[in-house]
Each structure stands twice: as structure tokens, then as C-alpha cells.
>>> print(open('final.cif').read())   # mmCIF, C-alpha atoms
data_entry
loop_
_atom_site.label_atom_id
_atom_site.label_comp_id
_atom_site.auth_asym_id
_atom_site.auth_seq_id
_atom_site.Cartn_x
_atom_site.Cartn_y
_atom_site.Cartn_z
CA MET A 1 0.00 0.00 0.00
CA THR A 2 1.49 3.30 -0.96
CA MET A 3 0.86 6.31 1.19
CA LEU A 4 -0.85 8.72 -1.17
CA ASN A 5 -2.36 10.58 1.75
CA PRO A 6 -0.88 11.30 5.16
CA ASP A 7 -1.57 8.54 7.64
CA PRO A 8 -4.82 9.51 9.41
CA ASP A 9 -3.49 7.81 12.54
CA ALA A 10 -0.28 9.84 12.69
CA ALA A 11 -1.43 12.02 15.59
CA LEU A 12 -2.59 9.03 17.62
CA VAL A 13 0.58 7.09 16.94
CA GLN A 14 2.74 10.05 17.91
CA ARG A 15 0.78 10.47 21.10
CA VAL A 16 1.33 6.83 22.05
CA LYS A 17 5.03 7.18 21.29
CA GLU A 18 5.09 10.06 23.74
CA GLY A 19 3.94 7.66 26.42
CA ASP A 20 0.15 8.03 26.42
CA VAL A 21 -1.12 4.47 26.76
CA ARG A 22 -4.72 5.65 26.69
CA ALA A 23 -4.26 6.98 23.17
CA PHE A 24 -3.37 3.43 22.16
CA GLU A 25 -6.84 2.40 23.32
CA MET A 26 -8.31 4.70 20.69
CA LEU A 27 -6.37 2.82 18.02
CA VAL A 28 -7.58 -0.46 19.47
CA VAL A 29 -11.21 0.65 19.31
CA LYS A 30 -10.65 1.78 15.75
CA TYR A 31 -9.05 -1.39 14.41
CA GLN A 32 -10.13 -4.21 16.67
CA ARG A 33 -13.01 -5.41 14.47
CA ARG A 34 -10.96 -5.36 11.27
CA ILE A 35 -8.08 -7.16 12.93
CA GLU A 36 -10.40 -9.78 14.39
CA ARG A 37 -11.99 -10.37 11.01
CA LEU A 38 -8.58 -10.75 9.40
CA ILE A 39 -7.48 -13.25 12.04
CA GLY A 40 -10.84 -15.00 11.85
CA ARG A 41 -10.15 -15.80 8.21
CA MET A 42 -6.96 -17.57 9.19
CA VAL A 43 -7.97 -19.14 12.49
CA ARG A 44 -11.59 -20.05 12.82
CA ASP A 45 -11.87 -20.66 16.52
CA VAL A 46 -13.64 -17.64 17.95
CA ASP A 47 -11.91 -17.84 21.33
CA LEU A 48 -8.57 -18.09 19.66
CA VAL A 49 -9.35 -15.14 17.39
CA ALA A 50 -9.84 -12.85 20.36
CA ASP A 51 -6.65 -14.11 22.00
CA ILE A 52 -4.59 -13.61 18.86
CA ALA A 53 -6.08 -10.16 18.35
CA GLN A 54 -5.10 -9.26 21.91
CA GLU A 55 -1.61 -10.55 21.29
CA THR A 56 -1.45 -8.56 18.07
CA PHE A 57 -2.21 -5.31 19.84
CA ILE A 58 0.22 -6.07 22.65
CA ARG A 59 2.97 -6.76 20.12
CA ALA A 60 2.10 -3.60 18.25
CA TYR A 61 2.25 -1.61 21.44
CA ARG A 62 5.66 -3.00 22.29
CA ALA A 63 6.98 -2.38 18.79
CA LEU A 64 5.47 1.05 18.30
CA PRO A 65 8.67 2.94 19.20
CA GLN A 66 10.25 1.25 16.17
CA PHE A 67 7.36 2.17 13.85
CA ARG A 68 8.87 4.59 11.34
CA ALA A 69 5.69 5.51 9.46
CA GLU A 70 7.08 4.14 6.21
CA SER A 71 3.64 2.61 5.72
CA ALA A 72 0.27 3.46 7.18
CA PHE A 73 -0.20 2.38 10.77
CA TYR A 74 -2.97 0.02 9.76
CA THR A 75 -0.77 -1.71 7.15
CA TRP A 76 1.87 -2.22 9.81
CA LEU A 77 -0.69 -3.48 12.31
CA TYR A 78 -2.11 -5.79 9.65
CA ARG A 79 1.32 -7.38 9.15
CA ILE A 80 1.69 -7.94 12.87
CA ALA A 81 -1.74 -9.59 12.98
CA VAL A 82 -0.90 -11.94 10.10
CA ASN A 83 2.44 -12.91 11.64
CA THR A 84 0.88 -13.42 15.05
CA ALA A 85 -1.85 -15.62 13.59
CA LYS A 86 0.69 -17.66 11.61
CA LYS A 87 2.79 -18.18 14.71
CA ALA A 88 -0.29 -19.26 16.65
CA LEU A 89 -1.11 -21.78 13.93
CA VAL A 90 2.41 -23.19 14.00
CA ASP A 91 2.24 -23.47 17.77
CA MET A 92 -1.10 -25.25 17.52
CA LYS A 93 0.28 -27.75 15.02
CA ARG A 94 2.88 -28.68 17.62
CA ASP A 95 0.26 -28.83 20.35
CA PRO A 96 -1.48 -32.23 20.54
CA VAL A 97 -4.64 -30.75 22.07
CA MET A 98 -5.36 -28.55 19.07
CA THR A 99 -8.88 -28.58 17.73
CA HIS A 100 -9.79 -29.37 14.16
CA THR A 101 -11.91 -26.26 13.77
CA ALA A 102 -9.10 -24.06 14.96
CA LEU A 103 -6.87 -25.32 12.18
CA GLN A 104 -9.28 -24.98 9.30
CA GLY A 105 -7.77 -22.63 6.77
CA ALA A 106 -4.42 -22.89 8.52
CA ASP A 107 -2.51 -23.50 5.31
CA ASP A 108 -4.05 -20.59 3.50
CA ASP A 109 -1.63 -17.70 3.47
CA ASP A 110 -3.94 -15.50 1.44
CA GLU A 111 -5.02 -12.65 3.67
CA THR A 112 -8.17 -12.23 1.63
CA TYR A 113 -9.18 -15.84 2.13
CA ARG A 114 -12.95 -15.93 2.38
CA GLY A 115 -13.46 -19.55 3.27
CA GLY A 116 -14.56 -18.80 6.80
CA MET A 117 -17.46 -16.51 6.20
CA GLU A 118 -19.93 -18.77 7.89
CA PRO A 119 -20.41 -18.11 11.60
CA THR A 120 -17.52 -19.19 13.76
CA ASP A 121 -18.23 -21.86 16.33
CA GLY A 122 -18.23 -19.59 19.37
CA GLU A 123 -20.65 -16.92 18.12
CA THR A 124 -23.92 -16.98 19.98
CA PRO A 125 -27.27 -16.40 18.27
CA GLU A 126 -27.68 -13.28 20.44
CA ALA A 127 -24.39 -11.86 19.26
CA LEU A 128 -25.28 -12.57 15.66
CA LEU A 129 -28.66 -10.90 16.09
CA ALA A 130 -27.08 -7.84 17.68
CA SER A 131 -24.57 -7.57 14.83
CA LYS A 132 -27.29 -7.81 12.22
CA GLU A 133 -29.38 -5.22 14.01
CA ILE A 134 -26.46 -2.80 14.09
CA ALA A 135 -25.74 -3.31 10.40
CA ALA A 136 -29.40 -2.79 9.51
CA THR A 137 -29.60 0.37 11.63
CA VAL A 138 -26.50 1.89 10.07
CA ASN A 139 -27.68 1.11 6.56
CA ALA A 140 -31.14 2.54 7.26
CA ALA A 141 -29.60 5.69 8.73
CA ILE A 142 -27.35 6.12 5.69
CA ALA A 143 -30.32 5.80 3.40
CA ALA A 144 -32.11 8.53 5.35
CA LEU A 145 -29.25 11.04 5.03
CA SER A 146 -29.37 13.99 2.67
CA GLU A 147 -27.43 13.49 -0.55
CA ASP A 148 -24.60 15.81 0.54
CA LEU A 149 -24.07 14.07 3.86
CA ARG A 150 -24.32 10.59 2.37
CA GLN A 151 -21.87 11.42 -0.38
CA ALA A 152 -19.37 12.99 2.05
CA ILE A 153 -19.29 10.09 4.47
CA THR A 154 -19.29 7.52 1.69
CA LEU A 155 -16.31 9.14 0.00
CA ARG A 156 -14.50 9.20 3.30
CA GLU A 157 -15.30 5.81 4.79
CA ILE A 158 -15.74 3.62 1.74
CA GLU A 159 -13.51 5.30 -0.83
CA GLY A 160 -10.95 6.43 1.75
CA LEU A 161 -10.54 9.91 0.29
CA SER A 162 -8.95 12.69 2.31
CA TYR A 163 -10.89 15.83 3.19
CA GLU A 164 -8.99 17.70 0.51
CA GLU A 165 -9.90 15.16 -2.15
CA ILE A 166 -13.53 15.16 -1.05
CA SER A 167 -13.61 18.94 -1.24
CA ASP A 168 -12.41 18.68 -4.84
CA VAL A 169 -14.98 16.03 -5.70
CA MET A 170 -17.84 17.84 -4.01
CA ASN A 171 -16.62 21.28 -5.00
CA CYS A 172 -16.87 22.75 -1.53
CA PRO A 173 -14.46 24.04 1.14
CA ILE A 174 -12.64 21.57 3.38
CA GLY A 175 -14.45 23.02 6.40
CA THR A 176 -17.74 22.07 4.79
CA VAL A 177 -16.48 18.54 4.17
CA ARG A 178 -15.48 18.24 7.79
CA SER A 179 -18.86 19.51 8.94
CA ARG A 180 -20.81 17.24 6.60
CA ILE A 181 -18.92 14.14 7.68
CA PHE A 182 -19.45 15.00 11.33
CA ARG A 183 -23.16 15.62 10.83
CA ALA A 184 -23.51 12.37 8.91
CA ARG A 185 -21.78 10.44 11.70
CA GLU A 186 -23.90 12.09 14.34
CA ALA A 187 -27.13 11.36 12.46
CA ILE A 188 -26.21 7.68 12.18
CA ALA A 189 -24.88 7.50 15.74
CA GLU A 190 -28.11 8.99 17.04
CA ARG A 191 -30.01 5.98 15.74
CA LEU A 192 -27.29 3.61 16.83
CA ARG A 193 -26.83 4.76 20.42
CA PRO A 194 -29.72 2.79 21.92
CA LEU A 195 -28.12 -0.37 20.55
CA LEU A 196 -24.66 0.54 21.82
CA ASP A 197 -25.54 0.96 25.46
CA THR A 198 -23.91 -1.91 27.24
CA ARG A 199 -25.12 -3.66 30.35
CA ASP A 200 -26.48 -1.42 33.12
CA GLY A 201 -26.65 1.48 30.70
CA LYS A 202 -22.92 2.02 31.00
CA ARG A 203 -20.88 2.85 27.97
CA TRP A 204 -17.14 2.47 27.86
CA MET B 1 -20.61 13.83 34.32
CA SER B 2 -22.89 16.66 33.22
CA GLN B 3 -21.60 18.51 30.25
CA PRO B 4 -23.16 21.37 28.30
CA ASP B 5 -24.50 20.26 24.91
CA SER B 6 -22.27 22.74 23.11
CA ASP B 7 -19.15 21.31 24.78
CA ARG B 8 -20.28 17.79 24.02
CA SER B 9 -20.97 18.65 20.41
CA SER B 10 -17.63 20.40 20.11
CA SER B 11 -15.85 17.41 21.60
CA ARG B 12 -17.59 15.03 19.21
CA ARG B 13 -16.78 17.28 16.25
CA ILE B 14 -13.09 17.12 17.15
CA LEU B 15 -13.21 13.35 17.59
CA SER B 16 -14.75 13.05 14.14
CA ALA B 17 -11.91 15.11 12.66
CA LEU B 18 -9.31 13.11 14.59
CA ALA B 19 -10.77 9.87 13.26
CA ASP B 20 -9.97 11.14 9.76
CA GLY B 21 -6.57 12.54 10.67
CA ASP B 22 -7.76 16.11 10.24
CA ALA B 23 -7.53 17.43 13.80
CA THR B 24 -5.08 20.22 14.58
CA GLY B 25 -2.52 19.76 17.34
CA SER B 26 -4.58 21.52 19.99
CA GLU B 27 -7.74 19.72 18.87
CA ALA B 28 -5.98 16.39 19.07
CA ALA B 29 -4.79 17.21 22.59
CA ARG B 30 -8.38 17.99 23.55
CA ALA B 31 -9.59 14.76 22.02
CA PHE B 32 -7.02 12.72 23.97
CA GLN B 33 -8.11 14.43 27.15
CA ALA B 34 -11.76 13.77 26.33
CA TRP B 35 -11.01 10.09 25.77
CA ARG B 36 -9.51 9.93 29.24
CA ASP B 37 -12.16 11.89 31.08
CA ASP B 38 -15.45 11.72 29.25
CA PRO B 39 -17.51 8.52 28.82
CA ASP B 40 -19.56 10.27 26.14
CA ALA B 41 -16.41 10.94 24.13
CA ARG B 42 -15.37 7.30 24.41
CA ALA B 43 -18.82 6.13 23.34
CA SER B 44 -18.83 8.56 20.40
CA TRP B 45 -15.37 7.46 19.26
CA HIS B 46 -16.55 3.85 19.32
CA ALA B 47 -19.75 4.71 17.49
CA TYR B 48 -17.94 6.62 14.74
CA GLN B 49 -15.46 3.80 14.20
CA LEU B 50 -18.21 1.19 14.18
CA ILE B 51 -20.19 3.22 11.64
CA GLY B 52 -17.15 3.38 9.37
CA ASP B 53 -16.61 -0.35 9.68
CA VAL B 54 -20.24 -1.20 8.93
CA LEU B 55 -20.20 1.10 5.91
CA ARG B 56 -17.24 -0.86 4.59
CA SER B 57 -18.75 -4.25 5.36
CA ASP B 58 -21.78 -5.54 7.21
CA ASP B 59 -19.75 -8.37 8.69
CA LEU B 60 -17.76 -5.83 10.72
CA ALA B 61 -20.86 -5.05 12.74
CA ALA B 62 -19.96 -6.38 16.14
CA GLU B 63 -21.88 -6.72 19.33
CA PRO B 64 -20.87 -3.64 21.37
CA ALA B 65 -20.44 -5.64 24.56
CA ALA B 66 -17.79 -7.73 22.77
CA ASP B 67 -15.90 -4.60 21.75
CA GLU B 68 -15.99 -3.30 25.27
CA ALA B 69 -14.91 -6.63 26.77
CA PHE B 70 -12.01 -6.74 24.32
CA LEU B 71 -10.83 -3.29 25.38
CA VAL B 72 -11.21 -4.04 29.08
CA ALA B 73 -9.13 -7.21 28.72
CA LEU B 74 -6.48 -5.44 26.69
CA ARG B 75 -6.39 -2.55 29.13
CA ALA B 76 -5.60 -5.03 31.91
CA ARG B 77 -2.77 -6.52 29.86
CA LEU B 78 -1.38 -3.12 28.96
CA ALA B 79 -1.32 -2.24 32.64
CA THR B 80 1.08 -5.11 33.27
CA GLU B 81 3.32 -4.27 30.35
CA PRO B 82 6.76 -2.93 31.20
CA VAL B 83 7.44 0.56 30.01
CA VAL B 84 8.87 0.07 26.57
CA LEU B 85 8.12 3.46 25.15
CA ALA B 86 10.42 6.41 25.40
CA PRO B 87 8.22 9.29 26.52
CA GLN B 88 9.24 12.66 25.22
CA PRO B 89 8.26 15.77 27.11
CA ARG B 90 5.16 17.38 25.76
CA VAL B 91 6.51 20.88 25.87
CA GLU B 92 3.29 22.79 25.34
CA GLU B 93 1.39 20.95 28.07
CA GLN B 94 4.19 21.18 30.60
CA ALA B 95 4.65 24.84 29.85
CA VAL B 96 0.97 25.52 30.36
CA ALA B 97 0.59 23.34 33.41
CA GLN B 98 3.64 24.31 35.45
CA PRO B 99 5.57 27.15 33.89
CA VAL B 100 7.09 28.30 37.18
CA ALA B 101 8.23 24.83 38.17
CA ALA B 102 9.61 24.21 34.70
CA ASN B 103 11.60 27.43 34.70
CA ALA B 104 12.96 26.73 38.17
CA ALA B 105 14.01 23.25 37.10
CA ALA B 106 15.73 24.68 34.02
CA ARG B 107 17.59 27.23 36.13
CA SER B 108 18.59 24.52 38.57
CA ARG B 109 19.91 22.37 35.74
CA ALA B 110 21.83 25.31 34.29
CA ARG B 111 23.48 25.94 37.66
CA TRP B 112 25.06 22.53 38.00
CA GLN B 113 25.50 21.60 34.37
CA GLY B 114 28.59 23.82 33.90
CA PRO B 115 30.55 22.60 36.94
CA MET B 116 29.55 19.01 36.25
CA ALA B 117 30.79 19.25 32.68
CA MET B 118 34.08 20.69 33.88
CA ALA B 119 34.45 17.95 36.49
CA ALA B 120 33.67 15.26 33.91
CA GLY B 121 36.25 16.74 31.56
CA PHE B 122 38.85 16.81 34.31
CA LEU B 123 38.17 13.19 35.22
CA ALA B 124 38.42 12.17 31.58
CA VAL B 125 41.83 13.82 31.24
CA VAL B 126 42.98 12.24 34.48
CA GLY B 127 41.78 8.86 33.30
CA VAL B 128 43.62 9.14 29.99
CA LEU B 129 46.81 10.22 31.73
CA ASN B 130 46.49 7.36 34.13
CA VAL B 131 45.98 4.77 31.43
CA ALA B 132 48.83 6.19 29.38
CA GLY B 133 51.01 6.60 32.47
CA PRO B 134 52.52 3.11 32.68
CA PHE B 135 53.60 3.31 29.07
CA ARG B 136 55.29 6.66 29.57
CA HIS B 137 56.77 6.50 33.01
CA GLY B 138 56.37 3.02 34.35
CA SER B 139 53.96 1.72 36.89
CA ASN B 140 54.46 4.48 39.43
CA ALA B 141 53.12 7.27 37.28
CA SER B 142 49.78 8.10 38.77
CA VAL B 143 47.76 11.12 39.54
CA ALA B 144 46.93 10.29 43.13
CA SER B 145 49.37 8.59 45.41
CA ASN B 146 48.80 4.96 46.15
CA GLY B 147 50.64 5.23 49.39
CA ALA B 148 49.25 6.08 52.76
CA PRO B 149 47.80 9.55 52.85
CA ALA B 150 49.43 12.13 54.97
CA SER B 151 46.26 13.43 56.46
CA GLY B 152 44.62 10.54 58.25
CA PRO B 153 42.44 7.57 57.50
CA VAL B 154 40.43 9.17 54.72
CA LEU B 155 42.41 8.85 51.54
CA ALA B 156 41.33 12.05 49.83
CA ALA B 157 38.92 14.82 50.51
CA THR B 158 37.92 15.07 46.89
CA THR B 159 37.46 12.59 44.11
CA SER B 160 40.73 11.29 42.75
CA VAL B 161 42.06 8.42 40.71
CA ASN B 162 44.73 6.01 41.93
CA ASN B 163 47.20 4.18 39.76
CA SER B 164 44.85 1.26 39.26
CA GLY B 165 42.31 3.49 37.64
CA LEU B 166 39.98 3.38 40.63
CA VAL B 167 37.96 6.45 41.34
CA LEU B 168 38.42 7.21 44.99
CA THR B 169 35.97 9.14 47.03
CA SER B 170 36.22 10.65 50.44
CA ALA B 171 34.16 7.79 51.82
CA GLN B 172 36.76 5.14 51.00
CA THR B 173 39.27 4.09 53.60
CA PRO B 174 42.76 2.90 52.64
CA ALA B 175 41.84 -0.68 53.52
CA GLU B 176 38.80 -0.61 51.21
CA THR B 177 40.85 0.91 48.47
CA LYS B 178 43.59 -1.67 48.78
CA ALA B 179 41.08 -4.51 48.69
CA ALA B 180 39.50 -3.11 45.55
CA ALA B 181 42.90 -2.57 43.94
CA ASP B 182 43.93 -6.12 44.76
CA GLN B 183 40.79 -7.40 43.11
CA LEU B 184 41.44 -5.47 39.94
CA ALA B 185 45.20 -5.95 39.73
CA PRO B 186 45.20 -9.26 37.80
CA TYR B 187 42.65 -7.94 35.36
CA LEU B 188 44.58 -4.73 34.73
CA ALA B 189 47.87 -6.57 34.33
CA ALA B 190 46.35 -8.84 31.72
CA HIS B 191 44.77 -5.85 30.02
CA ARG B 192 48.08 -4.00 29.82
CA GLN B 193 49.84 -7.07 28.49
CA SER B 194 47.17 -7.42 25.88
CA ALA B 195 47.42 -3.74 24.98
CA MET B 196 51.17 -4.01 24.52
CA ASN B 197 50.64 -6.78 21.98
CA GLY B 198 47.50 -5.35 20.51
CA PRO B 199 46.79 -3.08 17.60
CA PHE B 200 48.21 -0.06 19.45
CA GLN B 201 51.73 -1.43 19.85
CA MET B 202 54.63 0.66 18.67
CA PRO B 203 55.35 0.24 14.98
CA GLY B 204 58.46 -1.69 14.17
CA SER B 205 58.47 -3.80 17.29
CA ASP B 206 57.48 -6.96 15.56
CA LEU B 207 58.65 -6.65 11.96
CA ARG B 208 60.01 -9.45 9.93
CA ASN B 209 62.40 -9.18 7.02
CA VAL B 210 60.94 -10.46 3.82
CA SER B 211 62.88 -10.83 0.61
CA LEU B 212 61.21 -11.03 -2.74
CA VAL B 213 62.38 -13.86 -4.87
CA GLN B 214 61.37 -13.59 -8.50
CA PRO B 215 61.33 -16.73 -10.56
CA ALA B 216 63.95 -16.81 -13.32
CA LYS B 217 62.49 -16.24 -16.73
#
>>> encode(input="final.cif", output="C-alpha cells")
Amino acid sequence: MTMLNPDPDAALVQRVKEGDVRAFEMLVVKYQRRIERLIGRMVRDVDLVADIAQETFIRAYRALPQFRAESAFYTWLYRIAVNTAKKALVDMKRDPVMTHTALQGADDDDETYRGGMEPTDGETPEALLASKEIAATVNAAIAALSEDLRQAITLREIEGLSYEEISDVMNCPIGTVRSRIFRAREAIAERLRPLLDTRDGKRW
Amino acid sequence: MSQPDSDRSSSRRILSALADGDATGSEAARAFQAWRDDPDARASWHAYQLIGDVLRSDDLAAEPAADEAFLVALRARLATEPVVLAPQPRVEEQAVAQPVAANAAARSRARWQGPMAMAAGFLAVVGVLNVAGPFRHGSNASVASNGAPASGPVLAATTSVNNSGLVLTSAQTPAETKAAADQLAPYLAAHRQSAMNGPFQMPGSDLRNVSLVQPAK
């Protein structure tokens, strides 16, 4: 991946390098789902996926002082996840108590391997239902947005364009792009918030 | 925590910009603070990231309790991690938070940095002279006397270096010094012997005569 745009995580990464562990949590919240999905395509035991994802973030945290920003943070994190998953698979092959399901797809080095798209063994029906409800809510909220807001957030989140590029595409100032993306996020989050309250009404 | 709506909205606006890498330095600092202090900011950050993920793919929609449990578990592991990062001073925050203390600390550093540098330089010169001494004058060439001091049981009032390269302080008695010197003597003797035969030996001390014999044509 070439870095056409500045790394959007540069400020967060720099903050962590300055010793702010809590800023690392923000990166975790940002990438945890993508990293878990990536690992889940290599190792299809849901308990193991979470463990490997945890190990991935711990390794990334330890190695962050050596991160030179020659690639995007996510690309670097992605590599750590793949290597951690591969190591876990090798360790499991040596371990006689390994499970068959945990090793399915173990020989597939392709990071885009899609063989494991069916539910993993540990996912509960409740979790699946909650996930589907969240996806449906987000999609319904997107459909209800004005054209300007929908276009702005789509260009940002799906196409990965920078604010400057979006301002060119939409022919408006960067400040307007920033405002539209924020308003789009808030409109979607407003519908989503009731689903995001965790137990006892506490959030994070 | 009760927070005015305008503050909350402003905080969320900054988090949205930070998520896209578009926050200014001061905005980013505010966002980091909000993440630490404000549950609403943490929930908004999570919501914005989840929205982005779901827009990219429905299968990234995760149960929020799972996300939270993941972070809580990781937070516990991070808390047990040894400090591997090299924190750099955040100048702007320190300057704002404790300008008086910072200035006083800087003045204090400036006061002792000069003398300390001079003392370090002096010790370095003394050390070099001491190491070079045996080669120039024999084993008795030393900066500080190895014999009994004239002024009582304390060897020297100030820091000095004896002929074994030991740094002596006023707290060391002659007996302690002798014991330490005895411990180091074999090592230093071997080191000197090695140095005499090493790459720094005098040129010409170990030359061989070589004659070139050309085959007859």
C-alpha cells in the first residue's frame, strides 16, 4: 500500500510514542473489528481469534517505538496480525490438544481468504442478532441522510478519500467537508446509540 | 458527568476530525483528554469507528459488549506491560501546566550543568593520563598517590584516581581501596599485556624481514 495521503493515525501514533497508553486504546477501538476479522479468516476458533487479536495489539504496542511511518499504521498493524496468527497456527500444530476447527484454513496464506465466512463456532445467536441489528440500523440511517451528507461520508469511509480530495470532488471548502462528515456520523450514531448501550446502561 | 451540549458537540466534532486525521494539534490534545475523562467521548469514538466499519462491510458489525470486553481485557494486559516506550516531554502541556516549576528546574539544571561538565572533563583527562602513564613513566606514574595519605584515614577529601584506575571518594578508607585494587590488579595486568601486543603497539616492534624472490624467466 502506498501512502498517497498522510496517515490519518499519525497524531494518535505520535501520542502513544510520547507515552500516552490511553491513546493506544483509541487505536484499538478503531481497528479491533478489522483485525479480528482478518485473524478470523486464518484461524476459525472464535476464542482463539480474540486471543490472537489481543496478542497482536500487545505486540504492536511493544513495537510502536520502532514504527517509522514508512507505511500506514494500519498496514503495519495488519502485518503484525498476520504474523501473530501464523505463529499461533504453527504453535497449535505442535500442540497435541489442538482442535480441528481451529486449524481450518491454517494453510491458507492468502489474507483475503474468504473460506470462513460462515459463523464461527463460538458466536452466539444473540451476538449474531445484535450484529445484524447494528448493520441494519447503520444502513437505514445512511439511506435517510441527505445526498450531501451521504456522499461525504461515503467518499471518506468507503472510498478512503482525504478531506482535501472530497472537497475537490464535491466542489466545496474543506471546512464544509469536515462539517458534513461530522453531521452524517452524528445522524447515524443517534439511531445507533440505543443499541450501543452496554449492560447497566454504562458505555465504555 | 454533566456537560453542556455545546461542549459535548464540540468534543464530538473534534473526535470526528481526529478519526480522519484532520484534527489540529490543539484539537488532538483535547480529544485525547476527552477520551480519558469523558464517557460520552469514548462512546462517540466507538460509534464513529463502528459506523465506518459497517459502511465498509456488514460483517464488521460487532456486538458492542464484545468490543468493550475486548478493550477491558487489553487494558488489563497493557497495565502489566513494562514501560517500553520512550516518553518525550510534551513541551506545550508542561509549559501551560507548570511554567514556574519548569523554569525553576531549568535554572537549577543550568546551575550545576557547567561545573559538572568541567568535572567530567577533568576526570576524563585524568583517566587518559592514568591509562597512558605506565607506558610513559612506568607503573608508578599516577595522579593520586597509592601510598598512605598524609592526612589521616580518609584517603582524599575530593574525588581522585589512583594508579589502578579506581575512582576514589572521600568515603573510601585505605583498607577498602587496597582490597578493591587487589581485586582489579590481575585484570589490569592482563589488560596491559594485551594492549602491549595489541593493535596499538609501537610500529616496528614486531617486523620481519621479507625478501622477494622472483622466478627466473
>>> residues_around(input="final.cif", residues="Ser16 of chain B", least_positions_apart="6", cutoff="10 Å", atoms="all atoms listed in the file", output="compact mmCIF listing (two decimals) with C-alpha atoms, in the frame of the given file")
# COMPACT_ATOMS: atom_id res chain seq x y z
CA ARG A 178 -15.48 18.24 7.79
CA SER A 179 -18.86 19.51 8.94
CA ILE A 181 -18.92 14.14 7.68
CA PHE A 182 -19.45 15.00 11.33
CA ARG A 183 -23.16 15.62 10.83
CA ARG A 185 -21.78 10.44 11.70
CA GLU A 186 -23.90 12.09 14.34
CA SER B 10 -17.63 20.40 20.11
CA ASP B 22 -7.76 16.11 10.24
CA ALA B 23 -7.53 17.43 13.80
CA ALA B 31 -9.59 14.76 22.02
CA SER B 44 -18.83 8.56 20.40
CA TRP B 45 -15.37 7.46 19.26
CA TYR B 48 -17.94 6.62 14.74
CA GLN B 49 -15.46 3.80 14.20
>>> residues_around(input="final.cif", residues="Ala29 of chain B", least_positions_apart="3", cutoff="12 Å", atoms="only C-alpha atoms", output="NGL selection string")
(:A and (11-12 or 14-15 or 20 or 23)) or (:B and (11 or 14-15 or 18 or 23-26 or 32-36 or 90 or 92-93))
>>> interface_residues(input="final.cif", of="chain B", to="chain A", cutoff="7 Å", atoms="all atoms listed in the file", output="PyMOL selection string")
chain B and resi 13+16-17+20-21+32+36+39+42-43+46-49+51-52+54-56+58+60-65+68+74+84-88
>>> resolve_selection(input="final.cif", expression="the PyMOL selection byres ((chain A and resi 74-83) around 8)", output="PyMOL selection string")
chain A and resi 1+31+35+38-39+52-53+56-57+59-60+71-73+84-87+111
>>> write_last_selection(input="final.cif", atoms="C-alpha atoms", output="PDB file, in the coordinates of the input")
ATOM      1  CA  MET A   1       0.000   0.000   0.000  1.00  0.00           C
ATOM      2  CA  TYR A  31      -9.050  -1.390  14.410  1.00  0.00           C
ATOM      3  CA  ILE A  35      -8.080  -7.160  12.930  1.00  0.00           C
ATOM      4  CA  LEU A  38      -8.580 -10.750   9.400  1.00  0.00           C
ATOM      5  CA  ILE A  39      -7.480 -13.250  12.040  1.00  0.00           C
ATOM      6  CA  ILE A  52      -4.590 -13.610  18.860  1.00  0.00           C
ATOM      7  CA  ALA A  53      -6.080 -10.160  18.350  1.00  0.00           C
ATOM      8  CA  THR A  56      -1.450  -8.560  18.070  1.00  0.00           C
ATOM      9  CA  PHE A  57      -2.210  -5.310  19.840  1.00  0.00           C
ATOM     10  CA  ARG A  59       2.970  -6.760  20.120  1.00  0.00           C
ATOM     11  CA  ALA A  60       2.100  -3.600  18.250  1.00  0.00           C
ATOM     12  CA  SER A  71       3.640   2.610   5.720  1.00  0.00           C
ATOM     13  CA  ALA A  72       0.270   3.460   7.180  1.00  0.00           C
ATOM     14  CA  PHE A  73      -0.200   2.380  10.770  1.00  0.00           C
ATOM     15  CA  THR A  84       0.880 -13.420  15.050  1.00  0.00           C
ATOM     16  CA  ALA A  85      -1.850 -15.620  13.590  1.00  0.00           C
ATOM     17  CA  LYS A  86       0.690 -17.660  11.610  1.00  0.00           C
ATOM     18  CA  LYS A  87       2.790 -18.180  14.710  1.00  0.00           C
ATOM     19  CA  GLU A 111      -5.020 -12.650   3.670  1.00  0.00           C
TER      20      GLU A 111
END
>>> atom_distance(input="final.cif", atom1="atom CA of Val177 of chain A", atom2="atom CA of Asp67 of chain B")
29.1 Å
>>> atom_distance(input="final.cif", atom1="atom CA of Phe67 of chain A", atom2="atom CA of Val13 of chain A")
8.9 Å
>>> axis_aligned_box(input="final.cif", around="segment 153-156 of chain A", padding_each_side="4 Å", output="AutoDock Vina command-line options")
--center_x -16.9 --center_y 8.8 --center_z 2.2 --size_x 12.8 --size_y 10.6 --size_z 12.5
>>> atom_distance(input="final.cif", atom1="atom CA of Cys172 of chain A", atom2="atom CA of Arg150 of chain A")
14.8 Å
